Amino acid sequence: MVQEMVNRMGVVTGKGLSDMIRERFGVRVTFALMALILVTNFANIMAEFAGIASAGEILGLPPVAVIPVCAALVWLLVTKASYRSVERVFLVACIFYLAYPLTLFVVGPDAGEIATAFVKPDLNFDSGYLIMAVGLLGTTIAPWMQFYQQASVAEKNIPIGEYAYSKLDTVLGCIMVSLVASCIMIVCAVKLNSAGIVVNSAADAARALEPLAGRLSSYLFAFGLLNASVFAASILPLSTSYTVCEAFGWESGVDRDFDSAPQFYIMYTALLVLGAGAVLIPGVPFMPVMFWSQVVNGIVLPVVLVFMLILVNDRSQMGDHVNGRFYNAVCIAVILLIAAVSLAMPVSMLLE
């Protein structure tokens with residue numbers, strides 16, 4: 001529902017989310033929100049390069065070799081190719097997420113136990129559980145995703161008559177994300193948690209899988225992590241550049257050249273170089289960077305959702321395409337729930 005709202009706003013208004021926020025709430029509010037998004041997104045960009053480094057470790061490649069190569073390839077793809085070409089590459093990259101369901105198939109967990117756990121979760125309220133819950137929310141419904149999707153949909157200039165296809169695209173994408181994420185969690189729960197293995201890095205997870213589920217599962221896990229990290233390392237700086245440039249009325253888009261959108265390309269390059277460079281600093285702990293960046297996402301998420309809910313119900317912008325009462329009720333409940341979990345997390349930490 002969250003992704004569908006930004007998709008609908010992009011098709012109906014032809015504007016990006018940050019552009020709509022500036023028009024409705026003014027420059028001061030927009031500047032404060034952009035500063036928050038910029039810091040959050042930079043942490044996420046570091047996390048993706050940490051993921052690339054971790055995947056490289058599993059495959060026996062040092063970070064100093066794998067990170068610059070991946071950063072250069074990502075930069076060339078986004079700055080030298082057309083939007084349609086970039087989108088096609090991203091679509092092909094999505095196919096490789098099948099590495100995670102394949103890993104699940106190789107591991108072969110108990111289907112009955114999984115089905116029971118889906119409908120009867122083991123809930124508790126200690127700080128570790130709540131921190132993980134906020135991180136899981138932050139990585140699944142990441143704030144940057146909302147800005148990126150609306151900007152990319154707006155750039156396509158989709159006619160309102162073809163909105164049904166765009167909506168279907170969004171819904172199928174959300175289902176695939178949920179299935180892939182479930183596969184990752186089930187593999188780790190079945191083979192690592194049940195064996196009492198403590199994981200301090202992604203490389204630990206993959207190495208631990210090898211004796212428990214075979215070398216193929218270890219390589220599939222590494223390959224999936226590398227693909228996911230390179231994929232997101234392409235999109236995150238792109239999303240941030242779209243978001244900030246839109247917010248301040250600067251030209252943006254990969255179909256524009258440097259002369260017509262200099263701020264867009266300078267920001268994209270700077271975020272890519274700084275994010276990759278930060279992870280190459282000796283002693284940077286990859287797993288905490290990956291984990292805590294998603295927790296920050298989860299904390300920022302309710303703020304972004306409030307702006308989205310106000311905008312999607314603005315009839316001056318959306319006309320008859322505003323949310324219905326049921327839709328609003330569910331979205332408000334989701335915002336309150338995420339905010340409650342985010343607030344409960346520090347309270348639980350203090351009490352413990």
# chains A, B, ... in the order shown; residues from 1 in each chain; ligands from 1
$ closest_atom_pairs --of "segment 142-191 of chain A" --to "segment 295-314 of chain A" --cutoff "9 Å" --atoms "only C-alpha atoms" --output "tab-separated table"
residue	atom	partner	partner_atom	distance
A:Ala142	CA	A:Asn297	CA	5.9
A:Pro143	CA	A:Leu301	CA	5.4
A:Trp144	CA	A:Asn297	CA	8.5
A:Gln146	CA	A:Val304	CA	8.6
$ residues_around --residues "segment 281-284 of chain A" --least-positions-apart "5" --cutoff "12 Å" --atoms "only C-alpha atoms" --output "PDB file with N, CA and C atoms, in the first residue's frame"
ATOM      1  N   MET A  46      26.713   3.363   2.341  1.00  0.00           N
ATOM      2  CA  MET A  46      27.817   2.655   3.001  1.00  0.00           C
ATOM      3  C   MET A  46      27.456   1.191   3.247  1.00  0.00           C
ATOM      4  N   ALA A  47      26.212   0.969   3.664  1.00  0.00           N
ATOM      5  CA  ALA A  47      25.761  -0.402   3.954  1.00  0.00           C
ATOM      6  C   ALA A  47      25.831  -1.283   2.712  1.00  0.00           C
ATOM      7  N   PHE A  49      27.833  -0.946   0.102  1.00  0.00           N
ATOM      8  CA  PHE A  49      29.225  -1.253  -0.203  1.00  0.00           C
ATOM      9  C   PHE A  49      29.821  -2.210   0.832  1.00  0.00           C
ATOM     10  N   ALA A  50      29.305  -2.132   2.052  1.00  0.00           N
ATOM     11  CA  ALA A  50      29.709  -3.130   3.058  1.00  0.00           C
ATOM     12  C   ALA A  50      29.222  -4.510   2.641  1.00  0.00           C
ATOM     13  N   ALA A  53      31.540  -5.736  -0.026  1.00  0.00           N
ATOM     14  CA  ALA A  53      32.796  -6.186   0.595  1.00  0.00           C
ATOM     15  C   ALA A  53      32.614  -7.547   1.256  1.00  0.00           C
ATOM     16  N   SER A  54      31.476  -7.733   1.932  1.00  0.00           N
ATOM     17  CA  SER A  54      31.205  -9.007   2.607  1.00  0.00           C
ATOM     18  C   SER A  54      31.069 -10.149   1.602  1.00  0.00           C
ATOM     19  N   PRO A  62      39.451  -9.469  -1.831  1.00  0.00           N
ATOM     20  CA  PRO A  62      39.632  -8.429  -0.817  1.00  0.00           C
ATOM     21  C   PRO A  62      38.792  -7.190  -1.139  1.00  0.00           C
ATOM     22  N   PRO A  63      38.312  -6.456  -0.111  1.00  0.00           N
ATOM     23  CA  PRO A  63      37.501  -5.254  -0.340  1.00  0.00           C
ATOM     24  C   PRO A  63      38.179  -4.224  -1.238  1.00  0.00           C
ATOM     25  N   VAL A  64      39.495  -4.067  -1.093  1.00  0.00           N
ATOM     26  CA  VAL A  64      40.227  -3.063  -1.871  1.00  0.00           C
ATOM     27  C   VAL A  64      40.187  -3.366  -3.366  1.00  0.00           C
ATOM     28  N   ILE A  67      35.461  -3.467  -4.238  1.00  0.00           N
ATOM     29  CA  ILE A  67      34.663  -2.245  -4.093  1.00  0.00           C
ATOM     30  C   ILE A  67      34.934  -1.231  -5.201  1.00  0.00           C
ATOM     31  N   SER A 201      29.335 -11.488  10.649  1.00  0.00           N
ATOM     32  CA  SER A 201      29.487 -10.915   9.309  1.00  0.00           C
ATOM     33  C   SER A 201      28.736 -11.793   8.325  1.00  0.00           C
ATOM     34  N   LEU A 274      32.212   8.668  -1.988  1.00  0.00           N
ATOM     35  CA  LEU A 274      32.344   8.777  -0.524  1.00  0.00           C
ATOM     36  C   LEU A 274      31.826   7.516   0.170  1.00  0.00           C
ATOM     37  N   GLY A 275      30.724   6.965  -0.327  1.00  0.00           N
ATOM     38  CA  GLY A 275      30.180   5.744   0.273  1.00  0.00           C
ATOM     39  C   GLY A 275      31.124   4.573   0.132  1.00  0.00           C
ATOM     40  N   ALA A 276      31.702   4.425  -1.073  1.00  0.00           N
ATOM     41  CA  ALA A 276      32.668   3.339  -1.307  1.00  0.00           C
ATOM     42  C   ALA A 276      33.942   3.571  -0.507  1.00  0.00           C
ATOM     43  N   VAL A 289      27.424  -1.653  10.269  1.00  0.00           N
ATOM     44  CA  VAL A 289      27.065  -0.608   9.303  1.00  0.00           C
ATOM     45  C   VAL A 289      25.801  -1.012   8.548  1.00  0.00           C
ATOM     46  N   MET A 290      25.765  -2.263   8.086  1.00  0.00           N
ATOM     47  CA  MET A 290      24.593  -2.744   7.350  1.00  0.00           C
ATOM     48  C   MET A 290      23.349  -2.759   8.242  1.00  0.00           C
TER      49      MET A 290
END
$ closest_residue --among "A:Ala261, A:Met185, A:Tyr268, A:Val107" --to "Leu236 of chain A" --atoms "only C-alpha atoms"
A:Tyr268
$ residues_around --residues "segment 5-12 of chain A" --least-positions-apart "6" --cutoff "7 Å" --atoms "only C-alpha atoms" --output "PyMOL selection string"
chain A and resi 146+149-151+153-154+157-160+163+312+318
$ write_last_selection --atoms "C-alpha atoms" --output "mmCIF file, in the first residue's frame"
data_model
loop_
_atom_site.group_PDB
_atom_site.id
_atom_site.type_symbol
_atom_site.label_atom_id
_atom_site.label_comp_id
_atom_site.auth_asym_id
_atom_site.auth_seq_id
_atom_site.Cartn_x
_atom_site.Cartn_y
_atom_site.Cartn_z
ATOM 1 C CA GLN A 146 9.393 6.002 -1.814
ATOM 2 C CA GLN A 149 9.858 5.092 -7.076
ATOM 3 C CA GLN A 150 7.798 8.255 -7.423
ATOM 4 C CA ALA A 151 10.630 10.077 -9.229
ATOM 5 C CA VAL A 153 7.488 6.748 -12.308
ATOM 6 C CA ALA A 154 7.101 10.494 -12.928
ATOM 7 C CA ASN A 157 5.267 10.012 -18.039
ATOM 8 C CA ILE A 158 2.824 7.111 -17.714
ATOM 9 C CA PRO A 159 -0.694 8.069 -18.948
ATOM 10 C CA ILE A 160 -3.377 7.772 -16.268
ATOM 11 C CA TYR A 163 -2.028 3.201 -14.382
ATOM 12 C CA VAL A 312 -1.959 11.558 -1.411
ATOM 13 C CA MET A 318 -4.702 14.147 -6.865
#
$ select_by_dssp --residues "segment 120-214 of chain A" --states "helix (DSSP H, G or I)" --output "PyMOL selection string"
chain A and resi 127-140+143-156+160-193+202-213
$ residues_around --residues "Tyr97 of chain A" --least-positions-apart "5" --cutoff "12 Å" --atoms "only C-alpha atoms" --output "PyMOL selection string"
chain A and resi 90-92+102-103+173+176-181+183-184+220-231
$ residues_around --residues "Gly108 of chain A" --least-positions-apart "6" --cutoff "10 Å" --atoms "only C-alpha atoms" --output "PDB file with C-alpha atoms, in the first residue's frame"
ATOM      1  CA  LEU A 102      17.468 -21.652  -4.604  1.00  0.00           C
ATOM      2  CA  VAL A 187      17.631 -20.192   5.614  1.00  0.00           C
ATOM      3  CA  VAL A 190      16.879 -23.158  10.006  1.00  0.00           C
ATOM      4  CA  LYS A 191      20.603 -23.646   9.467  1.00  0.00           C
ATOM      5  CA  ALA A 213      23.932 -27.298   3.694  1.00  0.00           C
TER       6      ALA A 213
END
$ decode --residues "segment 153-186 of chain A" --atoms "C-alpha atoms" --output "mmCIF file, in the first residue's frame"
data_model
loop_
_atom_site.group_PDB
_atom_site.id
_atom_site.type_symbol
_atom_site.label_atom_id
_atom_site.label_comp_id
_atom_site.auth_asym_id
_atom_site.auth_seq_id
_atom_site.Cartn_x
_atom_site.Cartn_y
_atom_site.Cartn_z
ATOM 1 C CA VAL A 153 7.488 6.748 -12.308
ATOM 2 C CA ALA A 154 7.101 10.494 -12.928
ATOM 3 C CA GLU A 155 10.053 10.421 -15.354
ATOM 4 C CA LYS A 156 8.310 7.730 -17.427
ATOM 5 C CA ASN A 157 5.267 10.012 -18.039
ATOM 6 C CA ILE A 158 2.824 7.111 -17.714
ATOM 7 C CA PRO A 159 -0.694 8.069 -18.948
ATOM 8 C CA ILE A 160 -3.377 7.772 -16.268
ATOM 9 C CA GLY A 161 -5.196 5.295 -18.520
ATOM 10 C CA GLU A 162 -2.250 2.885 -18.151
ATOM 11 C CA TYR A 163 -2.028 3.201 -14.382
ATOM 12 C CA ALA A 164 -3.363 -0.353 -13.880
ATOM 13 C CA TYR A 165 -0.168 -1.747 -15.463
ATOM 14 C CA SER A 166 2.042 0.408 -13.262
ATOM 15 C CA LYS A 167 0.073 -0.662 -10.179
ATOM 16 C CA LEU A 168 0.431 -4.337 -11.140
ATOM 17 C CA ASP A 169 4.181 -3.808 -11.582
ATOM 18 C CA THR A 170 4.374 -2.364 -8.045
ATOM 19 C CA VAL A 171 2.259 -5.101 -6.438
ATOM 20 C CA LEU A 172 4.239 -7.931 -8.071
ATOM 21 C CA GLY A 173 7.497 -6.238 -7.034
ATOM 22 C CA CYS A 174 6.339 -6.016 -3.409
ATOM 23 C CA ILE A 175 5.337 -9.696 -3.396
ATOM 24 C CA MET A 176 8.736 -10.716 -4.808
ATOM 25 C CA VAL A 177 10.575 -8.612 -2.198
ATOM 26 C CA SER A 178 8.616 -10.281 0.599
ATOM 27 C CA LEU A 179 9.247 -13.777 -0.758
ATOM 28 C CA VAL A 180 12.992 -13.190 -1.186
ATOM 29 C CA ALA A 181 13.295 -11.659 2.301
ATOM 30 C CA SER A 182 11.412 -14.626 3.759
ATOM 31 C CA CYS A 183 13.785 -17.055 2.041
ATOM 32 C CA ILE A 184 16.824 -15.294 3.528
ATOM 33 C CA MET A 185 15.357 -15.345 7.051
ATOM 34 C CA ILE A 186 14.219 -18.965 6.834
#
